[in-house]
Amino acid sequence: MIRFRKFAASFALLGTSSVLLSCSGGGSGNNVMAVAPGGSGIVETALINGNVYTVNPNQPSAEAVLIRDGQIEMVGTTADIRAAATTGAVEIDLQGRLLLPGLHDVHAHPLEAMSPVSGTCALNVSETNLESYIPVLRACAPNQVGSNWVIGYGHSVLTVLDSQRPPYDVLDEAIPDQPAVMMEESSHSVWVNSMAMQMAGIDANTPNPPGGVIVKDRITGEPTGLLFDNAGDLVMDLAWTPTDEIKNLNYDGLVEAFALLNQNGITSVVEGRTYWRREFQDAWLRAEEENTLTVRAVLGLWVYPGLDDQQQLAEIRALYRNNPESLLRISQIKVYADGILINTTAAMLEPYRVTLGGIPSMNGLNYITEERLTNLITELEPAGFDFHIHAIGDRGVREGLNAIEAAQGTDARHRLTHIEYVDPADIPRFAELDVIADMQVSGDFAQPEFWPESEILIGDRASPFVALKSIYDTGARVTLSSDWDVSTINPFVGIQNSLTRSPQNLPDIDAAIRAYTINAAFAMRQEARVGSIEEGKRADMIVVDQDITSIPVTDIANTRVLMTFLDGRLVYER
């Protein structure tokens with residue numbers, strides 16, 4: 001354990017399983033863990049005898065850091081830091097442990113991942129028989145909180161497609177007397193019962209909404225209970241209609257999410273889908289007000305495909321807040337250009353070999369068309385918003401780049417996220433247009449051994465999948481993120497995978513660390529404040545249990561965070 005004592009005392013690193021936070025001397029003993037950002041308490045801390053990886057090219061490494069009032073006062077040797085520290089400073093002997101800048105996850109869904117409202121029915125993704133879920137659903141349905149709907153998640157869309165009877169009929173058998181909606185593992189489709197379709201006004205005559213597909217029986221034309229992409233989002237909006245109870249549950253889940261983020265060394269996060277009509281932003285604002293926010297956060301306001309743009313643009317502008325001194329900013333826009341490959345809804349330049357569930361186009365679909373996206377960027381960029389554009393298919397990527405090129409001004413920091421398939425002609429455009437390439441490689445599905453599964457749908461275009469190296473080599477700014485909880489929250493899994501997924505891997509550990517620190521800080525417009533360990537920046541830092549710069553690459557995912565600092569305050573200890 002890492003022991004904290006008053007400055008003149010000695011220290012000992014006794015182990016790695018826990019961190020003792022009580023300071024010796026006197027009867028009160030400050031508890032550093034209890035001091036929240038913005039609260040009162042210790043104002044100066046000296047981290048000594050460490051292995052400091054700064055991500056600062058002018059001072060790549062050091063052994064000690066002095067923190068004063070939440071700011072990095074000095075980076076240097078242990079002797080330098082001890083000489084500069086004032087009487088009464090807290091000294092922490094790291095005994096050679098690696099100290100890194102706090103990690104940034106610029107694409108995650110902490111509220112959706114942790115809100116009790118969404119977590120009633122957890123379905124096993126490996127189950128291949130839809131009927132097998134019936135006893136599970138019967139058991140979990142009474143546990144629903146907040147909503148009069150039963151909400152669950154986790155199954156595979158292929159299991160629903162393989163059902164021997166209409167999927168709604170299976171769910172009706174399990175949950176006959178409440179509307180029920182089960183979100184598939186990627187969040188791009190939902191499985192609903194008859195009552196849910198009735199509540200949503202879905203029948204044989206209901207047209208597909210923008211960016212979505214109501215899967216219907218080929219013979220009868222009746223809806224089957226499977227809804228792709230935005231058709232499912234519309235039903236989730238009903239199930240998650242905000243009430244005081246739901247908003248309290250969302251807040252409770254979000255606070256739990258902060259603890260998990262800090263436990264994994266994450267000090268900054270972008271919420272990748274802030275459904276403002278569900279009032280998700282209110283949970284974040286409450287966390288800021290009640291001093292429970294232990295990360296820097298930027299919210300990505302959702303663009304609703306079915307809403308009139310002029311109406312929602314006014315509402316989105318009214319939510320903008322971008323005080324750089326605040327832990328919470330609402331300054332990004334999340335928009336989907338397309339769907340996902342497994343649904344055959346990712347927008348592709350060339351047709352799919354086969355489409356699923358009656359998708360009307362052989363080239364996928366658009367949530368938002370290129371023309372509309374161009375207009376949205378043109379309208380919202382001058383207001384200070386940066387765009388976070390979901391683009392998975394090669395057509396979705398091209399249209400996203402086209403819209404940015406047509407609309408962007410001189411200070412844009414727009415990015416495309418996922419970028420699973422990209423036409424070779426578009427790879428240089430990320431660097432040319434200064435568009436950030438945000439990629440997720442934490443999930444098993446992102447590894448080379450899984451690529452052949454995509455060949456069934458798109459043939460040779462399945463490789464390369466997530467062209468990380470190809471885009472990085474152009475000089476484009478690359479970030480890595482989790483898309484939690486689609487993939488693991490653990491950033492060290494993403495770092496390891498980014499270095500092992502040959503031939504589309506990053507060149508070295510420095511590139512991977514930069515993707516999770518200074519590059520991601522740039523995407524959040526906070527690189528002048530955090531993202532590296534250097535004098536004058538805020539003290540967002542983490543201590544880990546092994547040196548990820550020198551161990552075998554295949555051991556990086558096993559890294560554990562020992563301590564997480566935000567603004568110089570200890571917000572997590574192991």
# chains A, B, ... in the order shown; residues from 1 in each chain; ligands from 1
>>> select_by_dssp(residues="range 223-333 of chain A", states="alpha helix (DSSP H)", output="CSV table (one decimal) with N, CA and C atoms, in the first residue's frame")
chain,number,residue,atom,x,y,z
A,230,ASN,N,-33.0,3.6,-35.5
A,230,ASN,CA,-33.9,4.7,-34.9
A,230,ASN,C,-35.3,4.2,-34.7
A,231,ALA,N,-35.8,3.2,-35.3
A,231,ALA,CA,-37.1,2.7,-35.0
A,231,ALA,C,-37.1,2.2,-33.5
A,232,GLY,N,-36.0,1.6,-33.1
A,232,GLY,CA,-35.9,1.2,-31.7
A,232,GLY,C,-35.7,2.3,-30.8
A,233,ASP,N,-34.9,3.3,-31.2
A,233,ASP,CA,-34.7,4.5,-30.4
A,233,ASP,C,-36.0,5.2,-30.0
A,234,LEU,N,-36.9,5.3,-30.9
A,234,LEU,CA,-38.2,5.9,-30.7
A,234,LEU,C,-39.0,5.2,-29.6
A,235,VAL,N,-38.9,3.9,-29.6
A,235,VAL,CA,-39.6,3.1,-28.5
A,235,VAL,C,-38.8,3.3,-27.2
A,236,MET,N,-37.5,3.3,-27.2
A,236,MET,CA,-36.8,3.5,-25.9
A,236,MET,C,-37.1,4.9,-25.4
A,237,ASP,N,-37.3,5.9,-26.2
A,237,ASP,CA,-37.7,7.2,-25.7
A,237,ASP,C,-39.0,7.1,-24.9
A,238,LEU,N,-39.9,6.3,-25.3
A,238,LEU,CA,-41.2,6.1,-24.6
A,238,LEU,C,-40.9,5.4,-23.2
A,239,ALA,N,-40.1,4.4,-23.3
A,239,ALA,CA,-39.9,3.6,-22.1
A,239,ALA,C,-39.1,4.4,-21.0
A,244,ASP,N,-39.6,12.1,-12.1
A,244,ASP,CA,-38.8,12.4,-11.0
A,244,ASP,C,-38.0,11.2,-10.5
A,245,GLU,N,-38.8,10.0,-10.5
A,245,GLU,CA,-38.1,8.8,-10.1
A,245,GLU,C,-37.1,8.3,-11.0
A,246,ILE,N,-37.3,8.4,-12.3
A,246,ILE,CA,-36.3,8.0,-13.3
A,246,ILE,C,-35.1,8.9,-13.3
A,247,LYS,N,-35.3,10.2,-13.1
A,247,LYS,CA,-34.2,11.1,-13.0
A,247,LYS,C,-33.4,10.9,-11.8
A,248,ASN,N,-34.0,10.5,-10.7
A,248,ASN,CA,-33.2,10.2,-9.5
A,248,ASN,C,-32.4,8.9,-9.7
A,249,LEU,N,-33.0,7.9,-10.4
A,249,LEU,CA,-32.3,6.7,-10.7
A,249,LEU,C,-31.1,6.9,-11.6
A,250,ASN,N,-31.4,7.7,-12.6
A,250,ASN,CA,-30.3,8.1,-13.6
A,250,ASN,C,-29.1,8.7,-12.8
A,251,TYR,N,-29.4,9.6,-11.9
A,251,TYR,CA,-28.4,10.2,-11.2
A,251,TYR,C,-27.6,9.2,-10.3
A,252,ASP,N,-28.3,8.4,-9.6
A,252,ASP,CA,-27.7,7.3,-8.8
A,252,ASP,C,-26.7,6.5,-9.6
A,253,GLY,N,-27.2,6.1,-10.8
A,253,GLY,CA,-26.4,5.2,-11.7
A,253,GLY,C,-25.2,6.0,-12.2
A,254,LEU,N,-25.3,7.3,-12.5
A,254,LEU,CA,-24.2,8.1,-13.0
A,254,LEU,C,-23.1,8.2,-11.9
A,255,VAL,N,-23.5,8.4,-10.7
A,255,VAL,CA,-22.5,8.5,-9.6
A,255,VAL,C,-21.7,7.2,-9.5
A,256,GLU,N,-22.4,6.1,-9.6
A,256,GLU,CA,-21.7,4.8,-9.6
A,256,GLU,C,-20.8,4.7,-10.8
A,257,ALA,N,-21.2,5.2,-12.0
A,257,ALA,CA,-20.3,5.2,-13.1
A,257,ALA,C,-19.1,6.0,-12.9
A,258,PHE,N,-19.2,7.1,-12.2
A,258,PHE,CA,-18.0,7.9,-11.9
A,258,PHE,C,-16.9,7.1,-11.2
A,259,ALA,N,-17.4,6.3,-10.2
A,259,ALA,CA,-16.5,5.5,-9.4
A,259,ALA,C,-15.8,4.5,-10.3
A,260,LEU,N,-16.5,3.9,-11.3
A,260,LEU,CA,-15.9,2.9,-12.2
A,260,LEU,C,-14.9,3.6,-13.1
A,261,LEU,N,-15.3,4.8,-13.6
A,261,LEU,CA,-14.3,5.5,-14.5
A,261,LEU,C,-13.0,5.8,-13.7
A,262,ASN,N,-13.1,6.3,-12.5
A,262,ASN,CA,-11.9,6.6,-11.7
A,262,ASN,C,-11.1,5.3,-11.4
A,263,GLN,N,-11.8,4.3,-11.1
A,263,GLN,CA,-11.1,3.0,-10.8
A,263,GLN,C,-10.3,2.5,-12.0
A,280,PHE,N,-31.2,13.5,-19.8
A,280,PHE,CA,-30.0,12.9,-19.3
A,280,PHE,C,-29.1,14.0,-18.7
A,281,GLN,N,-29.1,15.2,-19.4
A,281,GLN,CA,-28.2,16.2,-19.0
A,281,GLN,C,-28.4,16.7,-17.5
A,282,ASP,N,-29.7,16.5,-17.0
A,282,ASP,CA,-30.0,16.9,-15.7
A,282,ASP,C,-29.2,16.1,-14.6
A,283,ALA,N,-29.0,14.9,-14.9
A,283,ALA,CA,-28.2,14.1,-14.0
A,283,ALA,C,-26.8,14.6,-13.8
A,284,TRP,N,-26.2,14.9,-15.0
A,284,TRP,CA,-24.8,15.5,-15.0
A,284,TRP,C,-24.8,16.9,-14.3
A,285,LEU,N,-25.8,17.7,-14.5
A,285,LEU,CA,-25.8,19.0,-13.9
A,285,LEU,C,-26.0,18.9,-12.4
A,286,ARG,N,-26.8,17.9,-12.0
A,286,ARG,CA,-26.9,17.7,-10.5
A,286,ARG,C,-25.6,17.2,-9.9
A,287,ALA,N,-24.9,16.3,-10.6
A,287,ALA,CA,-23.6,15.9,-10.1
A,287,ALA,C,-22.6,17.0,-9.9
A,288,GLU,N,-22.6,17.9,-10.9
A,288,GLU,CA,-21.8,19.1,-10.7
A,288,GLU,C,-22.2,20.0,-9.5
A,289,GLU,N,-23.5,20.2,-9.4
A,289,GLU,CA,-24.0,21.0,-8.3
A,289,GLU,C,-23.7,20.4,-7.0
A,309,ASP,N,-35.4,20.1,-37.7
A,309,ASP,CA,-34.1,20.6,-37.4
A,309,ASP,C,-34.2,22.0,-36.7
A,310,GLN,N,-35.0,22.9,-37.3
A,310,GLN,CA,-35.1,24.2,-36.8
A,310,GLN,C,-35.5,24.2,-35.3
A,311,GLN,N,-36.5,23.4,-35.0
A,311,GLN,CA,-37.0,23.3,-33.6
A,311,GLN,C,-35.9,22.7,-32.7
A,312,GLN,N,-35.3,21.6,-33.1
A,312,GLN,CA,-34.3,21.1,-32.2
A,312,GLN,C,-33.0,21.8,-32.1
A,313,LEU,N,-32.7,22.6,-33.2
A,313,LEU,CA,-31.5,23.4,-33.2
A,313,LEU,C,-31.6,24.5,-32.1
A,314,ALA,N,-32.8,25.1,-32.0
A,314,ALA,CA,-33.0,26.1,-31.0
A,314,ALA,C,-32.8,25.5,-29.6
A,315,GLU,N,-33.4,24.3,-29.4
A,315,GLU,CA,-33.3,23.7,-28.0
A,315,GLU,C,-31.8,23.3,-27.7
A,316,ILE,N,-31.1,22.8,-28.7
A,316,ILE,CA,-29.7,22.4,-28.6
A,316,ILE,C,-28.9,23.6,-28.2
A,317,ARG,N,-29.1,24.7,-28.9
A,317,ARG,CA,-28.3,25.9,-28.6
A,317,ARG,C,-28.5,26.4,-27.2
A,318,ALA,N,-29.7,26.2,-26.7
A,318,ALA,CA,-30.0,26.7,-25.4
A,318,ALA,C,-29.3,25.9,-24.3
A,319,LEU,N,-28.9,24.7,-24.6
A,319,LEU,CA,-28.2,23.8,-23.7
A,319,LEU,C,-26.7,24.0,-23.6
>>> residues_around(residues="Leu401 in chain A", least_positions_apart="4", cutoff="9 Å", atoms="only C-alpha atoms", output="list in words")
Gly396, Val397, Glu405, Ala406, Leu416, Asp426, Arg429, Phe430, Leu433 and Val435 of chain A
>>> write_last_selection(atoms="C-alpha atoms", output="PDB file, in the first residue's frame")
ATOM      1  CA  GLY A 396     -21.078   6.832 -43.937  1.00  0.00           C
ATOM      2  CA  VAL A 397     -17.419   7.790 -43.475  1.00  0.00           C
ATOM      3  CA  GLU A 405     -15.366  19.704 -45.563  1.00  0.00           C
ATOM      4  CA  ALA A 406     -18.373  21.593 -46.906  1.00  0.00           C
ATOM      5  CA  LEU A 416     -15.658  10.575 -36.829  1.00  0.00           C
ATOM      6  CA  ASP A 426     -10.830   8.677 -47.941  1.00  0.00           C
ATOM      7  CA  ARG A 429      -8.742  13.070 -45.879  1.00  0.00           C
ATOM      8  CA  PHE A 430      -8.645  12.787 -42.078  1.00  0.00           C
ATOM      9  CA  LEU A 433      -9.298  18.078 -43.193  1.00  0.00           C
ATOM     10  CA  VAL A 435     -10.684  15.499 -38.667  1.00  0.00           C
TER      11      VAL A 435
END
>>> residues_around(residues="Tyr472 in chain A", least_positions_apart="3", cutoff="10 Å", atoms="only C-alpha atoms", output="short mmCIF file (atom, residue, chain, number, x, y, z; two decimals) with C-alpha atoms, in the first residue's frame")
data_model
loop_
_atom_site.label_atom_id
_atom_site.label_comp_id
_atom_site.auth_asym_id
_atom_site.auth_seq_id
_atom_site.Cartn_x
_atom_site.Cartn_y
_atom_site.Cartn_z
CA ILE A 427 -7.98 7.65 -45.64
CA PRO A 428 -5.79 10.73 -46.38
CA PHE A 430 -8.64 12.79 -42.08
CA ALA A 431 -5.26 14.50 -42.01
CA ALA A 437 -10.25 9.67 -36.08
CA ALA A 467 -7.84 0.81 -40.37
CA LEU A 468 -6.00 2.17 -37.36
CA LYS A 469 -2.49 2.03 -38.78
CA GLY A 475 -0.45 12.00 -39.73
CA ALA A 476 -4.10 12.24 -38.71
CA ARG A 477 -4.91 12.79 -35.04
CA VAL A 478 -6.09 9.46 -33.60
CA THR A 479 -7.96 8.84 -30.36
CA GLN A 504 -3.70 -2.48 -38.41
CA ASN A 505 -1.94 -1.57 -35.17
CA LEU A 506 -0.32 1.54 -33.74
CA PRO A 507 3.50 1.64 -33.98
CA ALA A 511 1.24 6.44 -29.79
#
>>> closest_residue(among="A:Trp302, A:Trp149, A:Tyr133, A:Tyr367", to="Ala174 in chain A", atoms="only C-alpha atoms")
A:Tyr133
>>> residues_around(residues="Val106 in chain A", least_positions_apart="2", cutoff="7 Å", atoms="only C-alpha atoms", output="PyMOL selection string")
chain A and resi 104+108+269-270+481+520
>>> write_last_selection(atoms="all heavy atoms", output="short mmCIF file (atom, residue, chain, number, x, y, z; two decimals), in the first residue's frame")
data_model
loop_
_atom_site.label_atom_id
_atom_site.label_comp_id
_atom_site.auth_asym_id
_atom_site.auth_seq_id
_atom_site.Cartn_x
_atom_site.Cartn_y
_atom_site.Cartn_z
N HIS A 104 -8.33 9.74 -20.86
CA HIS A 104 -9.57 10.31 -21.40
C HIS A 104 -10.30 9.23 -22.20
O HIS A 104 -9.69 8.59 -23.06
CB HIS A 104 -9.27 11.45 -22.37
CG HIS A 104 -8.70 12.68 -21.74
ND1 HIS A 104 -7.60 12.67 -20.92
CD2 HIS A 104 -9.07 13.98 -21.83
CE1 HIS A 104 -7.33 13.91 -20.53
NE2 HIS A 104 -8.21 14.72 -21.07
N ALA A 108 -18.06 7.19 -24.52
CA ALA A 108 -18.60 6.22 -23.57
C ALA A 108 -20.05 6.61 -23.26
O ALA A 108 -20.50 7.70 -23.58
CB ALA A 108 -17.76 6.20 -22.29
N VAL A 269 -14.17 12.26 -19.66
CA VAL A 269 -15.04 11.41 -20.45
C VAL A 269 -15.96 12.26 -21.31
O VAL A 269 -16.36 13.36 -20.92
CB VAL A 269 -15.86 10.48 -19.52
CG1 VAL A 269 -16.87 11.26 -18.69
CG2 VAL A 269 -16.56 9.37 -20.31
N VAL A 270 -16.28 11.75 -22.47
CA VAL A 270 -17.32 12.34 -23.32
C VAL A 270 -18.49 11.38 -23.33
O VAL A 270 -18.33 10.21 -23.69
CB VAL A 270 -16.82 12.59 -24.76
CG1 VAL A 270 -17.98 13.09 -25.63
CG2 VAL A 270 -15.68 13.59 -24.78
N SER A 481 -11.04 5.01 -27.76
CA SER A 481 -12.09 5.10 -26.74
C SER A 481 -12.79 3.76 -26.61
O SER A 481 -12.51 2.82 -27.37
CB SER A 481 -13.08 6.21 -27.11
OG SER A 481 -13.67 5.98 -28.37
N ALA A 520 -6.79 12.94 -27.01
CA ALA A 520 -8.17 12.96 -26.53
C ALA A 520 -8.48 14.28 -25.83
O ALA A 520 -9.60 14.80 -25.94
CB ALA A 520 -8.41 11.79 -25.58
#
>>> select_by_dssp(residues="range 256-450 of chain A", states="strand (DSSP E or B)", output="MDAnalysis selection string")
chainID A and resid 266:274 296:302 321 328:336 386:391 415:418 436:439
>>> write_last_selection(atoms="C-alpha atoms", output="tab-separated table (two decimals), in the first residue's frame")
chain	number	residue	atom	x	y	z
A	266	ILE	CA	-10.31	7.75	-16.44
A	267	THR	CA	-10.36	11.39	-15.41
A	268	SER	CA	-12.11	12.80	-18.49
A	269	VAL	CA	-15.04	11.41	-20.45
A	270	VAL	CA	-17.32	12.34	-23.32
A	271	GLU	CA	-20.86	11.05	-23.05
A	272	GLY	CA	-21.40	9.75	-26.53
A	273	ARG	CA	-25.18	10.12	-26.64
A	274	THR	CA	-26.88	12.62	-24.36
A	296	ARG	CA	-14.09	16.19	-16.46
A	297	ALA	CA	-17.02	15.65	-18.78
A	298	VAL	CA	-18.26	16.88	-22.12
A	299	LEU	CA	-21.77	15.91	-23.20
A	300	GLY	CA	-22.62	15.08	-26.79
A	301	LEU	CA	-26.18	16.25	-27.40
A	302	TRP	CA	-28.17	13.83	-29.54
A	321	ARG	CA	-22.29	25.64	-21.84
A	328	LEU	CA	-18.88	19.81	-16.93
A	329	ARG	CA	-19.32	21.24	-20.41
A	330	ILE	CA	-22.09	20.72	-22.96
A	331	SER	CA	-20.28	21.50	-26.17
A	332	GLN	CA	-20.46	18.54	-28.55
A	333	ILE	CA	-23.10	17.15	-30.89
A	334	LYS	CA	-23.60	13.42	-31.38
A	335	VAL	CA	-25.06	12.43	-34.71
A	336	TYR	CA	-25.32	9.10	-36.50
A	386	ASP	CA	-17.89	20.23	-32.17
A	387	PHE	CA	-19.43	17.25	-33.95
A	388	HIS	CA	-18.97	13.61	-32.92
A	389	ILE	CA	-20.17	11.65	-35.94
A	390	HIS	CA	-20.92	7.92	-35.80
A	391	ALA	CA	-19.81	6.50	-39.16
A	415	ARG	CA	-14.37	13.77	-35.36
A	416	LEU	CA	-15.66	10.58	-36.83
A	417	THR	CA	-16.07	7.65	-34.48
A	418	HIS	CA	-15.90	3.89	-35.18
A	436	ILE	CA	-10.05	13.44	-35.54
A	437	ALA	CA	-10.25	9.67	-36.08
A	438	ASP	CA	-11.79	8.09	-32.97
A	439	MET	CA	-11.60	4.29	-32.94
>>> atom_distance(atom1="CA of His107 in chain A", atom2="CA of Asp483 in chain A")
5.2 Å
>>> closest_atom_pairs(of="range 364-443 of chain A", to="range 341-348 of chain A", cutoff="12 Å", atoms="only C-alpha atoms", output="Markdown table")
| residue | atom | partner | partner_atom | distance |
| --- | --- | --- | --- | --- |
| A:Gly364 | CA | A:Thr345 | CA | 4.1 |
| A:Leu365 | CA | A:Thr345 | CA | 5.2 |
| A:Asn366 | CA | A:Ala347 | CA | 6.5 |
| A:Tyr367 | CA | A:Thr345 | CA | 9.6 |
| A:Ile368 | CA | A:Ala347 | CA | 10.8 |
| A:Thr369 | CA | A:Ala347 | CA | 10.3 |
| A:Glu370 | CA | A:Ala347 | CA | 11.3 |
| A:His390 | CA | A:Ala346 | CA | 10.1 |
| A:Ala391 | CA | A:Ala346 | CA | 7.8 |
| A:Ile392 | CA | A:Ala346 | CA | 5.8 |
| A:Gly393 | CA | A:Ala347 | CA | 4.8 |
| A:Asp394 | CA | A:Met348 | CA | 5.3 |
| A:Arg395 | CA | A:Met348 | CA | 4.6 |
| A:Gly396 | CA | A:Ala347 | CA | 5.0 |
| A:Val397 | CA | A:Ala347 | CA | 8.4 |
| A:Arg398 | CA | A:Met348 | CA | 9.5 |
| A:Glu399 | CA | A:Ala347 | CA | 9.3 |
| A:Gly400 | CA | A:Ala347 | CA | 10.9 |
| A:His418 | CA | A:Ala346 | CA | 11.2 |
| A:Ile419 | CA | A:Ala346 | CA | 10.6 |
| A:Glu420 | CA | A:Leu341 | CA | 9.0 |
| A:Tyr421 | CA | A:Met348 | CA | 8.6 |
| A:Val422 | CA | A:Met348 | CA | 9.3 |
| A:Asp423 | CA | A:Met348 | CA | 9.7 |
>>> closest_residue(among="A:Gly306, A:Pro464, A:Gly265, A:Pro382", to="Glu573 in chain A", atoms="only C-alpha atoms")
A:Gly265
>>> atom_distance(atom1="CA of Glu449 in chain A", atom2="CA of Arg501 in chain A")
9.3 Å
>>> closest_residue(among="A:Arg372, A:Arg278, A:Met362, A:Gly221", to="Leu111 in chain A", atoms="only C-alpha atoms")
A:Arg278
>>> residues_around(residues="Thr220 in chain A", least_positions_apart="3", cutoff="12 Å", atoms="only C-alpha atoms", output="PyMOL selection string")
chain A and resi 166+203-205+215-217+223-224
>>> atom_distance(atom1="CA of Tyr53 in chain A", atom2="CA of Arg560 in chain A")
16.3 Å
>>> decode(residues="range 331-355 of chain A", atoms="N, CA and C atoms", output="compact mmCIF listing (two decimals), in the first residue's frame")
# COMPACT_ATOMS: atom_id res chain seq x y z
N SER A 331 -20.86 20.79 -25.03
CA SER A 331 -20.28 21.50 -26.17
C SER A 331 -20.03 20.62 -27.38
N GLN A 332 -20.58 19.40 -27.37
CA GLN A 332 -20.46 18.54 -28.55
C GLN A 332 -21.84 18.08 -29.01
N ILE A 333 -21.89 17.67 -30.26
CA ILE A 333 -23.10 17.15 -30.89
C ILE A 333 -22.83 15.71 -31.31
N LYS A 334 -23.73 14.81 -30.93
CA LYS A 334 -23.60 13.42 -31.38
C LYS A 334 -24.64 13.17 -32.46
N VAL A 335 -24.17 12.70 -33.59
CA VAL A 335 -25.06 12.43 -34.71
C VAL A 335 -24.63 11.12 -35.36
N TYR A 336 -25.59 10.35 -35.80
CA TYR A 336 -25.32 9.10 -36.50
C TYR A 336 -25.46 9.34 -38.00
N ALA A 337 -24.40 9.03 -38.74
CA ALA A 337 -24.52 9.03 -40.19
C ALA A 337 -25.22 7.76 -40.67
N ASP A 338 -24.96 6.64 -39.97
CA ASP A 338 -25.50 5.35 -40.43
C ASP A 338 -25.72 4.42 -39.26
N GLY A 339 -25.98 3.14 -39.57
CA GLY A 339 -26.20 2.13 -38.55
C GLY A 339 -24.96 1.29 -38.32
N ILE A 340 -25.13 -0.04 -38.29
CA ILE A 340 -24.00 -0.94 -38.06
C ILE A 340 -24.02 -2.07 -39.08
N LEU A 341 -22.87 -2.71 -39.25
CA LEU A 341 -22.75 -3.72 -40.29
C LEU A 341 -23.64 -4.93 -40.03
N ILE A 342 -23.67 -5.43 -38.80
CA ILE A 342 -24.38 -6.68 -38.52
C ILE A 342 -25.87 -6.56 -38.84
N ASN A 343 -26.42 -5.34 -38.77
CA ASN A 343 -27.81 -5.12 -39.15
C ASN A 343 -27.97 -4.88 -40.65
N THR A 344 -26.87 -4.79 -41.35
CA THR A 344 -26.79 -4.31 -42.74
C THR A 344 -27.40 -2.92 -42.87
N THR A 345 -27.22 -2.11 -41.82
CA THR A 345 -27.67 -0.72 -41.85
C THR A 345 -26.50 0.26 -41.92
N ALA A 346 -25.27 -0.22 -41.80
CA ALA A 346 -24.12 0.66 -42.04
C ALA A 346 -24.17 1.11 -43.49
N ALA A 347 -23.91 2.39 -43.74
CA ALA A 347 -24.02 2.94 -45.09
C ALA A 347 -22.78 2.55 -45.90
N MET A 348 -22.99 1.78 -46.97
CA MET A 348 -21.88 1.26 -47.78
C MET A 348 -21.93 1.85 -49.20
N LEU A 349 -20.74 2.05 -49.77
CA LEU A 349 -20.65 2.56 -51.14
C LEU A 349 -21.13 1.53 -52.15
N GLU A 350 -20.78 0.27 -51.93
CA GLU A 350 -21.22 -0.82 -52.80
C GLU A 350 -22.24 -1.67 -52.06
N PRO A 351 -23.14 -2.34 -52.77
CA PRO A 351 -24.22 -3.07 -52.11
C PRO A 351 -23.72 -4.22 -51.24
N TYR A 352 -24.53 -4.53 -50.23
CA TYR A 352 -24.30 -5.75 -49.45
C TYR A 352 -24.57 -6.96 -50.34
N ARG A 353 -23.98 -8.08 -49.97
CA ARG A 353 -24.31 -9.33 -50.65
C ARG A 353 -25.72 -9.78 -50.31
N VAL A 354 -26.12 -9.49 -49.06
CA VAL A 354 -27.46 -9.83 -48.60
C VAL A 354 -27.82 -8.83 -47.52
N THR A 355 -29.10 -8.50 -47.38
CA THR A 355 -29.53 -7.62 -46.30
C THR A 355 -30.44 -8.39 -45.36
